[in-house]
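J.: Structure file final-v7.cif (mmCIF, C-alpha atoms) is given on the next line.
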data_work
loop_
_atom_site.label_atom_id
_atom_site.label_comp_id
_atom_site.auth_asym_id
_atom_site.auth_seq_id
_atom_site.Cartn_x
_atom_site.Cartn_y
_atom_site.Cartn_z
CA MET A 1 106.34 -90.37 -21.18
CA SER A 2 104.24 -93.14 -22.70
CA ASP A 3 100.73 -91.92 -21.92
CA LEU A 4 99.02 -88.88 -23.35
CA HIS A 5 99.36 -86.59 -20.37
CA GLN A 6 101.68 -84.08 -18.82
CA LYS A 7 102.82 -84.07 -15.21
CA PRO A 8 100.32 -81.98 -13.22
CA VAL A 9 101.10 -79.36 -10.61
CA VAL A 10 100.07 -81.83 -7.87
CA PRO A 11 99.81 -85.63 -8.10
CA ALA A 12 97.26 -86.71 -10.67
CA PRO A 13 93.80 -87.61 -9.31
CA THR A 14 92.43 -91.10 -9.59
CA LEU A 15 89.86 -91.69 -12.30
CA PRO A 16 86.97 -92.00 -9.77
CA ARG A 17 88.11 -88.73 -8.16
CA LEU A 18 88.26 -87.05 -11.57
CA PHE A 19 84.80 -88.33 -12.47
CA ALA A 20 83.29 -87.22 -9.16
CA ALA A 21 84.80 -83.73 -9.41
CA PHE A 22 83.45 -83.12 -12.91
CA LEU A 23 80.11 -84.77 -12.13
CA ARG A 24 79.62 -82.29 -9.29
CA LEU A 25 80.74 -79.41 -11.48
CA GLY A 26 78.50 -80.50 -14.34
CA THR A 27 75.48 -80.49 -12.07
CA THR A 28 75.76 -76.74 -11.46
CA ALA A 29 77.52 -75.60 -14.64
CA PHE A 30 74.98 -73.18 -16.05
CA GLY A 31 75.82 -70.15 -18.13
CA GLY A 32 77.34 -71.22 -21.45
CA PRO A 33 80.93 -69.95 -21.81
CA ALA A 34 80.95 -69.10 -18.11
CA MET A 35 81.35 -72.83 -17.49
CA ILE A 36 84.98 -72.51 -18.57
CA ALA A 37 85.60 -70.24 -15.60
CA TYR A 38 84.16 -72.91 -13.29
CA ILE A 39 86.46 -75.53 -14.79
CA ARG A 40 89.45 -73.22 -14.36
CA GLU A 41 88.56 -72.66 -10.72
CA LEU A 42 88.42 -76.42 -10.20
CA ALA A 43 91.49 -77.53 -12.16
CA VAL A 44 93.85 -74.58 -11.67
CA GLY A 45 92.65 -72.94 -8.48
CA ARG A 46 91.15 -75.44 -6.07
CA GLU A 47 92.73 -78.76 -7.09
CA ARG A 48 95.90 -77.43 -8.78
CA TRP A 49 95.88 -80.22 -11.36
CA LEU A 50 97.14 -77.85 -14.07
CA GLY A 51 99.10 -74.64 -14.22
CA LYS A 52 97.59 -71.44 -15.59
CA GLU A 53 99.54 -71.57 -18.85
CA ALA A 54 98.62 -75.18 -19.59
CA PHE A 55 94.94 -74.45 -18.97
CA GLN A 56 94.98 -71.38 -21.22
CA GLU A 57 96.57 -73.42 -23.98
CA GLY A 58 93.76 -75.94 -23.65
CA VAL A 59 91.10 -73.23 -23.87
CA ALA A 60 92.74 -71.89 -27.03
CA LEU A 61 92.69 -75.37 -28.56
CA CYS A 62 89.04 -75.96 -27.66
CA GLN A 63 88.02 -72.61 -29.11
CA THR A 64 89.78 -73.46 -32.37
CA ILE A 65 88.34 -76.89 -33.12
CA PRO A 66 84.60 -77.63 -33.56
CA GLY A 67 82.41 -78.85 -30.73
CA ALA A 68 80.99 -77.64 -27.42
CA THR A 69 83.87 -75.64 -25.96
CA ALA A 70 83.20 -76.15 -22.25
CA MET A 71 82.79 -79.92 -22.67
CA GLN A 72 86.08 -80.07 -24.54
CA VAL A 73 87.87 -78.02 -21.89
CA ALA A 74 86.71 -80.55 -19.29
CA ALA A 75 88.07 -83.35 -21.47
CA TYR A 76 91.33 -81.46 -21.97
CA VAL A 77 91.91 -81.26 -18.23
CA GLY A 78 91.43 -85.01 -17.95
CA LEU A 79 93.71 -85.53 -20.94
CA ARG A 80 96.54 -83.56 -19.35
CA VAL A 81 96.36 -85.24 -15.96
CA ARG A 82 95.35 -88.84 -16.80
CA GLY A 83 95.72 -89.27 -20.55
CA VAL A 84 92.99 -90.61 -22.85
CA ARG A 85 91.18 -92.41 -20.02
CA GLY A 86 91.18 -89.18 -18.05
CA ALA A 87 89.71 -87.29 -21.01
CA ILE A 88 86.87 -89.79 -21.34
CA THR A 89 86.26 -89.80 -17.59
CA SER A 90 86.05 -86.02 -17.17
CA TYR A 91 83.98 -85.70 -20.36
CA LEU A 92 81.42 -88.21 -19.12
CA GLY A 93 81.28 -86.75 -15.63
CA PHE A 94 80.78 -83.20 -16.87
CA GLY A 95 78.13 -84.08 -19.45
CA LEU A 96 76.13 -86.73 -17.57
CA PRO A 97 73.97 -84.35 -15.46
CA ALA A 98 72.85 -82.40 -18.52
CA PHE A 99 71.99 -85.63 -20.36
CA LEU A 100 69.96 -87.06 -17.47
CA LEU A 101 68.07 -83.83 -16.83
CA MET A 102 67.38 -83.25 -20.52
CA THR A 103 66.09 -86.81 -20.91
CA ALA A 104 63.72 -86.30 -17.98
CA LEU A 105 62.54 -82.94 -19.33
CA SER A 106 62.03 -84.43 -22.79
CA ALA A 107 59.91 -87.23 -21.35
CA LEU A 108 57.87 -84.70 -19.37
CA TYR A 109 57.49 -82.50 -22.45
CA SER A 110 56.23 -85.37 -24.60
CA ARG A 111 53.45 -86.02 -22.07
CA THR A 112 52.44 -82.49 -21.11
CA HIS A 113 53.20 -80.20 -24.05
CA SER A 114 49.53 -80.05 -25.07
CA LEU A 115 48.29 -78.84 -21.66
CA PRO A 116 47.13 -75.19 -21.75
CA ALA A 117 49.53 -74.00 -19.04
CA VAL A 118 52.46 -75.73 -20.69
CA VAL A 119 51.49 -74.38 -24.12
CA ALA A 120 51.42 -70.85 -22.69
CA ALA A 121 54.80 -71.24 -20.97
CA PHE A 122 56.51 -72.64 -24.09
CA SER A 123 54.87 -70.01 -26.26
CA GLY A 124 56.70 -67.40 -24.21
CA LEU A 125 59.91 -69.44 -24.24
CA GLN A 126 59.89 -69.49 -28.04
CA ALA A 127 60.04 -65.68 -28.08
CA ILE A 128 62.87 -65.78 -25.54
CA ILE A 129 64.86 -68.24 -27.67
CA VAL A 130 64.63 -65.83 -30.62
CA ALA A 131 66.10 -63.17 -28.33
CA ILE A 132 68.83 -65.58 -27.16
CA VAL A 133 69.88 -66.49 -30.71
CA ALA A 134 69.79 -62.82 -31.73
CA ASN A 135 72.05 -62.00 -28.79
CA ALA A 136 74.37 -64.85 -29.78
CA THR A 137 74.55 -63.37 -33.28
CA ILE A 138 75.65 -60.03 -31.85
CA SER A 139 78.14 -61.71 -29.50
CA PHE A 140 79.65 -63.75 -32.36
CA GLY A 141 79.77 -60.64 -34.50
CA ARG A 142 81.65 -58.60 -31.91
CA THR A 143 84.38 -61.20 -31.61
CA SER A 144 84.57 -62.34 -35.26
CA LEU A 145 83.88 -59.29 -37.43
CA SER A 146 86.51 -56.56 -37.55
CA GLY A 147 86.62 -55.23 -41.11
CA TRP A 148 84.93 -55.28 -44.49
CA LYS A 149 86.46 -58.66 -45.38
CA THR A 150 84.95 -60.39 -42.38
CA TRP A 151 81.62 -58.64 -42.95
CA PHE A 152 81.69 -59.80 -46.56
CA ILE A 153 82.09 -63.44 -45.49
CA ALA A 154 79.29 -63.12 -42.92
CA LEU A 155 76.88 -61.49 -45.39
CA ALA A 156 77.75 -64.01 -48.10
CA ALA A 157 77.06 -66.86 -45.68
CA ALA A 158 73.74 -65.30 -44.64
CA GLY A 159 72.72 -64.88 -48.27
CA LEU A 160 73.65 -68.44 -49.22
CA PHE A 161 71.92 -69.88 -46.17
CA GLY A 162 68.85 -67.81 -47.04
CA LEU A 163 68.94 -69.37 -50.51
CA ALA A 164 68.92 -72.85 -48.89
CA ALA A 165 72.53 -73.72 -49.74
CA HIS A 166 73.89 -76.62 -47.69
CA PRO A 167 75.73 -75.44 -44.55
CA VAL A 168 78.73 -77.65 -45.33
CA LEU A 169 79.26 -75.89 -48.65
CA ILE A 170 78.88 -72.52 -46.93
CA LEU A 171 81.50 -73.39 -44.32
CA LEU A 172 83.94 -74.68 -46.94
CA LEU A 173 83.50 -71.52 -48.98
CA ALA A 174 83.97 -69.40 -45.85
CA ALA A 175 87.21 -71.22 -45.00
CA LEU A 176 88.47 -70.66 -48.56
CA LEU A 177 87.52 -66.97 -48.45
CA GLY A 178 89.23 -66.65 -45.09
CA MET A 179 92.48 -67.88 -46.60
CA ILE A 180 92.14 -65.79 -49.76
CA LEU A 181 91.08 -62.54 -48.06
CA ASN A 182 93.64 -62.93 -45.25
CA THR A 183 91.10 -62.37 -42.46
CA GLY A 184 92.85 -64.54 -39.86
CA GLN A 185 94.71 -63.29 -36.84
CA PRO A 186 97.38 -65.97 -36.36
CA THR A 187 98.93 -66.05 -32.94
CA ALA A 188 102.51 -67.09 -32.57
CA PRO A 189 103.76 -68.36 -29.22
CA GLN A 190 105.09 -65.64 -27.01
CA ALA A 191 108.43 -65.84 -25.28
CA ASP A 192 106.91 -66.68 -21.92
CA GLU A 193 104.53 -69.37 -23.20
CA PRO A 194 105.31 -73.00 -22.42
CA ARG A 195 107.00 -74.89 -25.23
CA THR A 196 105.94 -78.32 -24.10
CA HIS A 197 103.24 -80.25 -25.92
CA LEU A 198 101.34 -83.44 -25.40
CA PRO A 199 103.02 -86.52 -26.87
CA SER A 200 100.82 -88.44 -29.29
CA ALA A 201 98.97 -91.59 -28.29
CA PRO A 202 98.08 -93.29 -31.58
CA LEU A 203 97.07 -96.65 -30.11
CA PRO A 204 94.39 -95.37 -27.67
CA LEU A 205 93.04 -93.01 -30.31
CA LEU A 206 93.06 -95.74 -32.96
CA SER A 207 91.23 -98.06 -30.59
CA LEU A 208 88.55 -95.43 -29.98
CA LEU A 209 88.17 -94.86 -33.70
CA VAL A 210 87.81 -98.58 -34.39
CA VAL A 211 85.17 -98.94 -31.65
CA THR A 212 83.32 -95.89 -32.98
CA VAL A 213 83.26 -97.14 -36.58
CA ALA A 214 82.20 -100.61 -35.43
CA GLY A 215 79.43 -99.09 -33.33
CA PHE A 216 78.09 -97.11 -36.27
CA ALA A 217 78.24 -100.20 -38.48
CA LEU A 218 76.32 -102.33 -35.98
CA LEU A 219 73.77 -99.59 -35.48
CA ALA A 220 73.25 -99.30 -39.24
CA PHE A 221 72.74 -103.06 -39.45
CA PHE A 222 70.21 -103.38 -36.60
CA ARG A 223 68.58 -99.90 -36.52
CA TYR A 224 69.11 -97.92 -39.68
CA ASP A 225 66.84 -95.12 -38.43
CA LEU A 226 69.03 -94.62 -35.38
CA ALA A 227 72.15 -94.78 -37.55
CA GLN A 228 70.77 -91.93 -39.67
CA LEU A 229 70.18 -89.90 -36.53
CA ALA A 230 73.68 -90.66 -35.25
CA LEU A 231 75.39 -89.72 -38.51
CA LEU A 232 73.48 -86.44 -38.66
CA MET A 233 74.41 -85.46 -35.10
CA ALA A 234 78.05 -86.45 -35.62
CA GLY A 235 78.23 -84.31 -38.74
CA ILE A 236 76.75 -81.31 -36.93
CA ASP A 237 79.24 -81.73 -34.09
CA LEU A 238 82.19 -81.72 -36.49
CA LEU A 239 80.97 -78.51 -38.15
CA ALA A 240 80.16 -76.53 -35.01
CA PHE A 241 83.18 -74.23 -34.95
CA GLY A 242 82.94 -71.52 -32.33
CA GLY A 243 81.11 -73.46 -29.62
CA GLY A 244 77.67 -74.91 -28.99
CA PHE A 245 75.61 -72.05 -30.44
CA ALA A 246 77.17 -72.72 -33.83
CA SER A 247 75.12 -75.94 -33.91
CA VAL A 248 71.79 -74.07 -33.81
CA PRO A 249 71.60 -73.11 -37.50
CA LEU A 250 72.85 -76.56 -38.48
CA LEU A 251 70.24 -78.32 -36.31
CA PHE A 252 67.47 -76.11 -37.66
CA HIS A 253 68.48 -76.63 -41.27
CA GLU A 254 68.85 -80.40 -41.08
CA ILE A 255 66.06 -81.35 -38.68
CA VAL A 256 63.35 -78.85 -39.63
CA GLU A 257 64.01 -77.82 -43.22
CA VAL A 258 65.71 -80.81 -44.84
CA ARG A 259 64.29 -83.85 -43.06
CA ALA A 260 61.17 -82.36 -41.40
CA TRP A 261 61.66 -84.65 -38.41
CA LEU A 262 60.36 -81.87 -36.14
CA ASP A 263 58.61 -78.59 -36.85
CA GLY A 264 60.13 -75.23 -36.02
CA PRO A 265 58.15 -74.51 -32.82
CA THR A 266 58.98 -77.94 -31.39
CA LEU A 267 62.70 -77.46 -32.00
CA LEU A 268 62.40 -74.04 -30.37
CA ASP A 269 60.93 -75.77 -27.32
CA GLY A 270 63.87 -78.16 -27.28
CA ILE A 271 66.36 -75.29 -27.43
CA ALA A 272 64.49 -73.66 -24.55
CA LEU A 273 64.75 -76.83 -22.47
CA GLY A 274 68.44 -76.91 -23.31
CA GLN A 275 68.79 -73.57 -21.56
CA LEU A 276 67.19 -75.01 -18.41
CA THR A 277 69.86 -77.69 -18.09
CA PRO A 278 73.52 -77.39 -17.14
CA GLY A 279 75.90 -78.01 -19.98
CA PRO A 280 76.06 -76.78 -23.58
CA ILE A 281 73.11 -75.91 -25.82
CA VAL A 282 73.90 -78.90 -28.05
CA ILE A 283 72.23 -81.05 -25.39
CA THR A 284 69.18 -80.23 -27.50
CA ALA A 285 70.28 -83.32 -29.44
CA THR A 286 68.97 -85.40 -26.52
CA PHE A 287 65.56 -83.77 -26.89
CA VAL A 288 65.49 -84.41 -30.63
CA GLY A 289 66.51 -88.03 -30.18
CA TYR A 290 63.92 -88.66 -27.45
CA LEU A 291 61.03 -87.21 -29.44
CA LEU A 292 62.00 -89.25 -32.50
CA HIS A 293 62.97 -92.60 -30.96
CA GLY A 294 62.46 -92.51 -27.18
CA LEU A 295 65.22 -93.36 -24.73
CA ALA A 296 67.31 -95.15 -27.35
CA GLY A 297 67.14 -92.10 -29.58
CA ALA A 298 68.09 -89.77 -26.74
CA PHE A 299 71.16 -91.87 -25.93
CA ILE A 300 72.31 -92.36 -29.52
CA ALA A 301 71.80 -88.71 -30.46
CA SER A 302 73.72 -87.53 -27.39
CA VAL A 303 76.66 -89.87 -27.92
CA ALA A 304 76.85 -88.96 -31.60
CA MET A 305 76.71 -85.23 -30.83
CA PHE A 306 79.60 -85.34 -28.35
CA LEU A 307 81.85 -88.22 -29.42
CA PRO A 308 83.40 -86.80 -32.64
CA SER A 309 84.63 -83.60 -31.00
CA LEU A 310 86.12 -85.64 -28.14
CA LEU A 311 88.05 -87.76 -30.64
CA LEU A 312 89.13 -84.62 -32.47
CA LEU A 313 90.40 -83.08 -29.23
CA ILE A 314 92.43 -86.18 -28.36
CA GLY A 315 93.84 -86.37 -31.88
CA THR A 316 94.78 -82.70 -32.30
CA ALA A 317 96.00 -81.82 -28.79
CA PRO A 318 99.57 -83.09 -29.38
CA TYR A 319 99.91 -81.01 -32.55
CA PHE A 320 98.13 -77.83 -31.55
CA ALA A 321 101.36 -75.85 -31.18
CA ARG A 322 101.96 -76.29 -34.91
CA LEU A 323 98.37 -75.43 -35.81
CA ARG A 324 98.51 -72.22 -33.79
CA VAL A 325 101.29 -70.79 -35.92
CA SER A 326 99.87 -71.96 -39.27
CA ARG A 327 98.69 -68.87 -41.13
CA ARG A 328 96.43 -70.83 -43.47
CA PHE A 329 94.81 -72.74 -40.61
CA ASN A 330 94.11 -69.57 -38.61
CA ARG A 331 92.72 -67.77 -41.65
CA ALA A 332 90.47 -70.70 -42.53
CA VAL A 333 89.11 -70.95 -38.97
CA ASP A 334 88.57 -67.20 -38.88
CA GLY A 335 86.58 -67.40 -42.11
CA VAL A 336 84.41 -70.20 -40.69
CA LEU A 337 83.72 -68.18 -37.54
CA CYS A 338 82.70 -65.19 -39.67
CA SER A 339 80.26 -67.39 -41.59
CA PHE A 340 78.56 -68.47 -38.37
CA VAL A 341 77.60 -64.85 -37.72
CA GLY A 342 75.70 -64.91 -41.00
CA LEU A 343 74.21 -68.33 -40.29
CA LEU A 344 73.03 -67.27 -36.84
CA PHE A 345 71.51 -64.08 -38.25
CA THR A 346 69.55 -66.06 -40.82
CA VAL A 347 68.38 -68.66 -38.33
CA THR A 348 67.23 -65.88 -35.98
CA ILE A 349 64.89 -64.70 -38.71
CA ARG A 350 63.71 -68.23 -39.48
CA LEU A 351 63.05 -69.02 -35.83
CA ALA A 352 61.15 -65.74 -35.49
CA LEU A 353 58.85 -66.77 -38.33
CA HIS A 354 57.62 -69.68 -36.19
CA VAL A 355 56.54 -67.45 -33.30
CA HIS A 356 53.07 -65.91 -33.05
CA TRP A 357 54.07 -62.28 -32.57
CA ASP A 358 51.52 -60.34 -30.56
CA LEU A 359 52.11 -57.63 -27.96
CA PRO A 360 52.96 -60.03 -25.07
CA HIS A 361 55.46 -61.94 -27.21
CA LEU A 362 57.07 -58.77 -28.53
CA LEU A 363 57.36 -57.34 -25.01
CA LEU A 364 58.84 -60.55 -23.61
CA ALA A 365 61.38 -60.84 -26.43
CA ALA A 366 62.42 -57.20 -26.03
CA VAL A 367 62.88 -57.52 -22.26
CA ALA A 368 64.80 -60.78 -22.65
CA PHE A 369 67.05 -59.29 -25.32
CA GLY A 370 67.78 -56.25 -23.17
CA ALA A 371 68.57 -58.46 -20.17
CA LEU A 372 70.96 -60.58 -22.22
CA LEU A 373 72.73 -57.49 -23.51
CA LYS A 374 73.19 -56.50 -19.86
CA LYS A 375 74.85 -59.90 -19.25
CA VAL A 376 72.03 -61.35 -17.14
CA ASP A 377 72.49 -65.13 -16.90
CA ILE A 378 70.53 -67.00 -19.59
CA LEU A 379 69.09 -69.42 -17.03
CA TRP A 380 67.40 -66.63 -15.08
CA VAL A 381 66.10 -65.02 -18.27
CA VAL A 382 64.51 -68.30 -19.34
CA LEU A 383 63.05 -69.14 -15.92
CA ALA A 384 61.66 -65.65 -15.33
CA GLY A 385 60.21 -65.47 -18.82
CA ALA A 386 58.50 -68.86 -18.58
CA ALA A 387 57.02 -67.98 -15.20
CA ALA A 388 55.89 -64.47 -16.10
CA PHE A 389 54.57 -64.91 -19.62
CA PRO A 390 51.15 -66.49 -18.84
CA ALA A 391 50.31 -63.62 -16.48
CA VAL A 392 51.60 -61.00 -18.96
CA GLU A 393 49.58 -62.56 -21.76
CA GLN A 394 46.44 -62.63 -19.67
CA PHE A 395 46.93 -59.00 -18.58
CA LEU A 396 47.64 -57.60 -22.04
CA GLY A 397 45.24 -59.89 -23.85
CA LYS A 398 45.63 -61.71 -27.13
CA GLU A 399 45.39 -60.14 -30.52
#
Would you mind writing the structure in this file as structure tokens?
T.:
Amino acid sequence: MSDLHQKPVVPAPTLPRLFAAFLRLGTTAFGGPAMIAYIRELAVGRERWLGKEAFQEGVALCQTIPGATAMQVAAYVGLRVRGVRGAITSYLGFGLPAFLLMTALSALYSRTHSLPAVVAAFSGLQAIIVAIVANATISFGRTSLSGWKTWFIALAAAGLFGLAAHPVLILLLAALLGMILNTGQPTAPQADEPRTHLPSAPLPLLSLLVVTVAGFALLAFFRYDLAQLALLMAGIDLLAFGGGFASVPLLFHEIVEVRAWLDGPTLLDGIALGQLTPGPIVITATFVGYLLHGLAGAFIASVAMFLPSLLLLIGTAPYFARLRVSRRFNRAVDGVLCSFVGLLFTVTIRLALHVHWDLPHLLLAAVAFGALLKKVDILWVVLAGAAAFPAVEQFLGKE
């Protein structure tokens, strides 16, 4: 088999059909990790492009490597049924609605964010985002922390991040500690798991890498400011192990604390808008790019945030079976995931410091946090909070 794909359960869809299917799915794919269930329903249930085992293997791969998990699962489906072109097609289709909506919301925000009603709504949303990140910290902790060794890595990461250590150094140290402390839970293939793997496709991947490097070089030559933005977003994408929320502490550190491109409340607003769009939370990159450099910035930031993890998926998919049984690899990844619990905890505190905490804000954050613990969809929490906060604030009064 010459191309990078495996024979599907039914005949492979055409590229336009693949794009249309994921474009429609991406338009309604709210709910963070729940998007993976929607993709499974499409690819395994309704269209029968993949079998259950092949899809589960793809989810395991996408949860292991950095990047927005749901976006990568969409690309993986395309990779299995139509090779590298299929991966690009499904990736674009699934992510395009979020990009277009976020661009429109960013443009609207830049023109209306000073209006009193908008200020009140976003003031409430900032409190909700603190609750969302706090809930993500708990969710990460439940799945990543299981003993004193994992807690040690998480607390060490939180302490180092609090001392303003660079996140890259923290992640490298966490990976090393994961290997030393033997925190990983390596999973060997079971007897009933498929033994097939994707054959490598070095030429398509090499072509994509050459085009990517050339694009960065041209951008640096003509627009060095945009090249800086692109390199930053690409670096964050490659460090976001554990899904989109892992990018939040990295975005905050680099954009607010290191470069001061935006202030904390403005980034909080961008994260809030990211919850109003379908797709992963890392679509906040579009917001950052738009506020810094307009439409060109929104496009460049979005491409840079999503392209590296796509290339990583294409490059690692053929060899994932070996990675899954590598004890060192699993321990290192486990250590990195533990560190993100600490990073998210610290960024929760830092985001909270940018909120004006009075009784209405405290009440809204508490209600939002309770709703999220009860598994209420984030979209409804954000919409209800934005709509209700001005009336709550007026009723309770300001401090």
J.: Any idea what the distance is between CA of Arg331 (chain A) and CA of Gly178 (chain A)?
T.: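 Taking CA of Arg331 (chain A) as the start and CA of Gly178 (chain A) as the end point, the length is 5.0 Å.
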J.: Skipping near chain neighbours, those fewer than 2 positions away, what residues fall within 12 Å of Glu254 (chain A) using all atoms listed in the file, listed as a PDB file with C-alpha atoms, in the coordinates of the input?
T.:
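Output (selection.pdb):
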ATOM      1  CA  ALA A 164      68.920 -72.850 -48.890  1.00  0.00           C
ATOM      2  CA  ALA A 165      72.530 -73.720 -49.740  1.00  0.00           C
ATOM      3  CA  HIS A 166      73.890 -76.620 -47.690  1.00  0.00           C
ATOM      4  CA  PRO A 167      75.730 -75.440 -44.550  1.00  0.00           C
ATOM      5  CA  VAL A 168      78.730 -77.650 -45.330  1.00  0.00           C
ATOM      6  CA  GLN A 228      70.770 -91.930 -39.670  1.00  0.00           C
ATOM      7  CA  LEU A 229      70.180 -89.900 -36.530  1.00  0.00           C
ATOM      8  CA  LEU A 231      75.390 -89.720 -38.510  1.00  0.00           C
ATOM      9  CA  LEU A 232      73.480 -86.440 -38.660  1.00  0.00           C
ATOM     10  CA  MET A 233      74.410 -85.460 -35.100  1.00  0.00           C
ATOM     11  CA  GLY A 235      78.230 -84.310 -38.740  1.00  0.00           C
ATOM     12  CA  ILE A 236      76.750 -81.310 -36.930  1.00  0.00           C
ATOM     13  CA  SER A 247      75.120 -75.940 -33.910  1.00  0.00           C
ATOM     14  CA  VAL A 248      71.790 -74.070 -33.810  1.00  0.00           C
ATOM     15  CA  PRO A 249      71.600 -73.110 -37.500  1.00  0.00           C
ATOM     16  CA  LEU A 250      72.850 -76.560 -38.480  1.00  0.00           C
ATOM     17  CA  LEU A 251      70.240 -78.320 -36.310  1.00  0.00           C
ATOM     18  CA  PHE A 252      67.470 -76.110 -37.660  1.00  0.00           C
ATOM     19  CA  VAL A 256      63.350 -78.850 -39.630  1.00  0.00           C
ATOM     20  CA  GLU A 257      64.010 -77.820 -43.220  1.00  0.00           C
ATOM     21  CA  VAL A 258      65.710 -80.810 -44.840  1.00  0.00           C
ATOM     22  CA  ARG A 259      64.290 -83.850 -43.060  1.00  0.00           C
ATOM     23  CA  ALA A 260      61.170 -82.360 -41.400  1.00  0.00           C
ATOM     24  CA  TRP A 261      61.660 -84.650 -38.410  1.00  0.00           C
ATOM     25  CA  LEU A 262      60.360 -81.870 -36.140  1.00  0.00           C
ATOM     26  CA  ASP A 263      58.610 -78.590 -36.850  1.00  0.00           C
ATOM     27  CA  GLY A 264      60.130 -75.230 -36.020  1.00  0.00           C
ATOM     28  CA  LEU A 267      62.700 -77.460 -32.000  1.00  0.00           C
ATOM     29  CA  VAL A 288      65.490 -84.410 -30.630  1.00  0.00           C
TER      30      VAL A 288
END
J.: Evaluate the PyMOL selection byres ((chain A and resi 66) around 8) against this structure - the residues, as a ChimeraX atom specification, please.
T.: /A:62-65,67-69,237-243,309
J.: Excluding same-chain residues fewer than 2 positions from region 343-355 of chain A, what lies within 10 Å of it counting only C-alpha atoms, as a PyMOL selection string?
T.: chain A and resi 123-127+129-138+140-141+154-162+167+170-171+245-250+252-253+263-268+337-341+357-358+361-362
J.: Could the residues in this selection be saved with C-alpha atoms as a PDB file, keeping the file's coordinate frame?
T.:
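The result, stored in selection-v8.pdb:
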ATOM      1  CA  SER A 123      54.870 -70.010 -26.260  1.00  0.00           C
ATOM      2  CA  GLY A 124      56.700 -67.400 -24.210  1.00  0.00           C
ATOM      3  CA  LEU A 125      59.910 -69.440 -24.240  1.00  0.00           C
ATOM      4  CA  GLN A 126      59.890 -69.490 -28.040  1.00  0.00           C
ATOM      5  CA  ALA A 127      60.040 -65.680 -28.080  1.00  0.00           C
ATOM      6  CA  ILE A 129      64.860 -68.240 -27.670  1.00  0.00           C
ATOM      7  CA  VAL A 130      64.630 -65.830 -30.620  1.00  0.00           C
ATOM      8  CA  ALA A 131      66.100 -63.170 -28.330  1.00  0.00           C
ATOM      9  CA  ILE A 132      68.830 -65.580 -27.160  1.00  0.00           C
ATOM     10  CA  VAL A 133      69.880 -66.490 -30.710  1.00  0.00           C
ATOM     11  CA  ALA A 134      69.790 -62.820 -31.730  1.00  0.00           C
ATOM     12  CA  ASN A 135      72.050 -62.000 -28.790  1.00  0.00           C
ATOM     13  CA  ALA A 136      74.370 -64.850 -29.780  1.00  0.00           C
ATOM     14  CA  THR A 137      74.550 -63.370 -33.280  1.00  0.00           C
ATOM     15  CA  ILE A 138      75.650 -60.030 -31.850  1.00  0.00           C
ATOM     16  CA  PHE A 140      79.650 -63.750 -32.360  1.00  0.00           C
ATOM     17  CA  GLY A 141      79.770 -60.640 -34.500  1.00  0.00           C
ATOM     18  CA  ALA A 154      79.290 -63.120 -42.920  1.00  0.00           C
ATOM     19  CA  LEU A 155      76.880 -61.490 -45.390  1.00  0.00           C
ATOM     20  CA  ALA A 156      77.750 -64.010 -48.100  1.00  0.00           C
ATOM     21  CA  ALA A 157      77.060 -66.860 -45.680  1.00  0.00           C
ATOM     22  CA  ALA A 158      73.740 -65.300 -44.640  1.00  0.00           C
ATOM     23  CA  GLY A 159      72.720 -64.880 -48.270  1.00  0.00           C
ATOM     24  CA  LEU A 160      73.650 -68.440 -49.220  1.00  0.00           C
ATOM     25  CA  PHE A 161      71.920 -69.880 -46.170  1.00  0.00           C
ATOM     26  CA  GLY A 162      68.850 -67.810 -47.040  1.00  0.00           C
ATOM     27  CA  PRO A 167      75.730 -75.440 -44.550  1.00  0.00           C
ATOM     28  CA  ILE A 170      78.880 -72.520 -46.930  1.00  0.00           C
ATOM     29  CA  LEU A 171      81.500 -73.390 -44.320  1.00  0.00           C
ATOM     30  CA  PHE A 245      75.610 -72.050 -30.440  1.00  0.00           C
ATOM     31  CA  ALA A 246      77.170 -72.720 -33.830  1.00  0.00           C
ATOM     32  CA  SER A 247      75.120 -75.940 -33.910  1.00  0.00           C
ATOM     33  CA  VAL A 248      71.790 -74.070 -33.810  1.00  0.00           C
ATOM     34  CA  PRO A 249      71.600 -73.110 -37.500  1.00  0.00           C
ATOM     35  CA  LEU A 250      72.850 -76.560 -38.480  1.00  0.00           C
ATOM     36  CA  PHE A 252      67.470 -76.110 -37.660  1.00  0.00           C
ATOM     37  CA  HIS A 253      68.480 -76.630 -41.270  1.00  0.00           C
ATOM     38  CA  ASP A 263      58.610 -78.590 -36.850  1.00  0.00           C
ATOM     39  CA  GLY A 264      60.130 -75.230 -36.020  1.00  0.00           C
ATOM     40  CA  PRO A 265      58.150 -74.510 -32.820  1.00  0.00           C
ATOM     41  CA  THR A 266      58.980 -77.940 -31.390  1.00  0.00           C
ATOM     42  CA  LEU A 267      62.700 -77.460 -32.000  1.00  0.00           C
ATOM     43  CA  LEU A 268      62.400 -74.040 -30.370  1.00  0.00           C
ATOM     44  CA  LEU A 337      83.720 -68.180 -37.540  1.00  0.00           C
ATOM     45  CA  CYS A 338      82.700 -65.190 -39.670  1.00  0.00           C
ATOM     46  CA  SER A 339      80.260 -67.390 -41.590  1.00  0.00           C
ATOM     47  CA  PHE A 340      78.560 -68.470 -38.370  1.00  0.00           C
ATOM     48  CA  VAL A 341      77.600 -64.850 -37.720  1.00  0.00           C
ATOM     49  CA  TRP A 357      54.070 -62.280 -32.570  1.00  0.00           C
ATOM     50  CA  ASP A 358      51.520 -60.340 -30.560  1.00  0.00           C
ATOM     51  CA  HIS A 361      55.460 -61.940 -27.210  1.00  0.00           C
ATOM     52  CA  LEU A 362      57.070 -58.770 -28.530  1.00  0.00           C
TER      53      LEU A 362
END
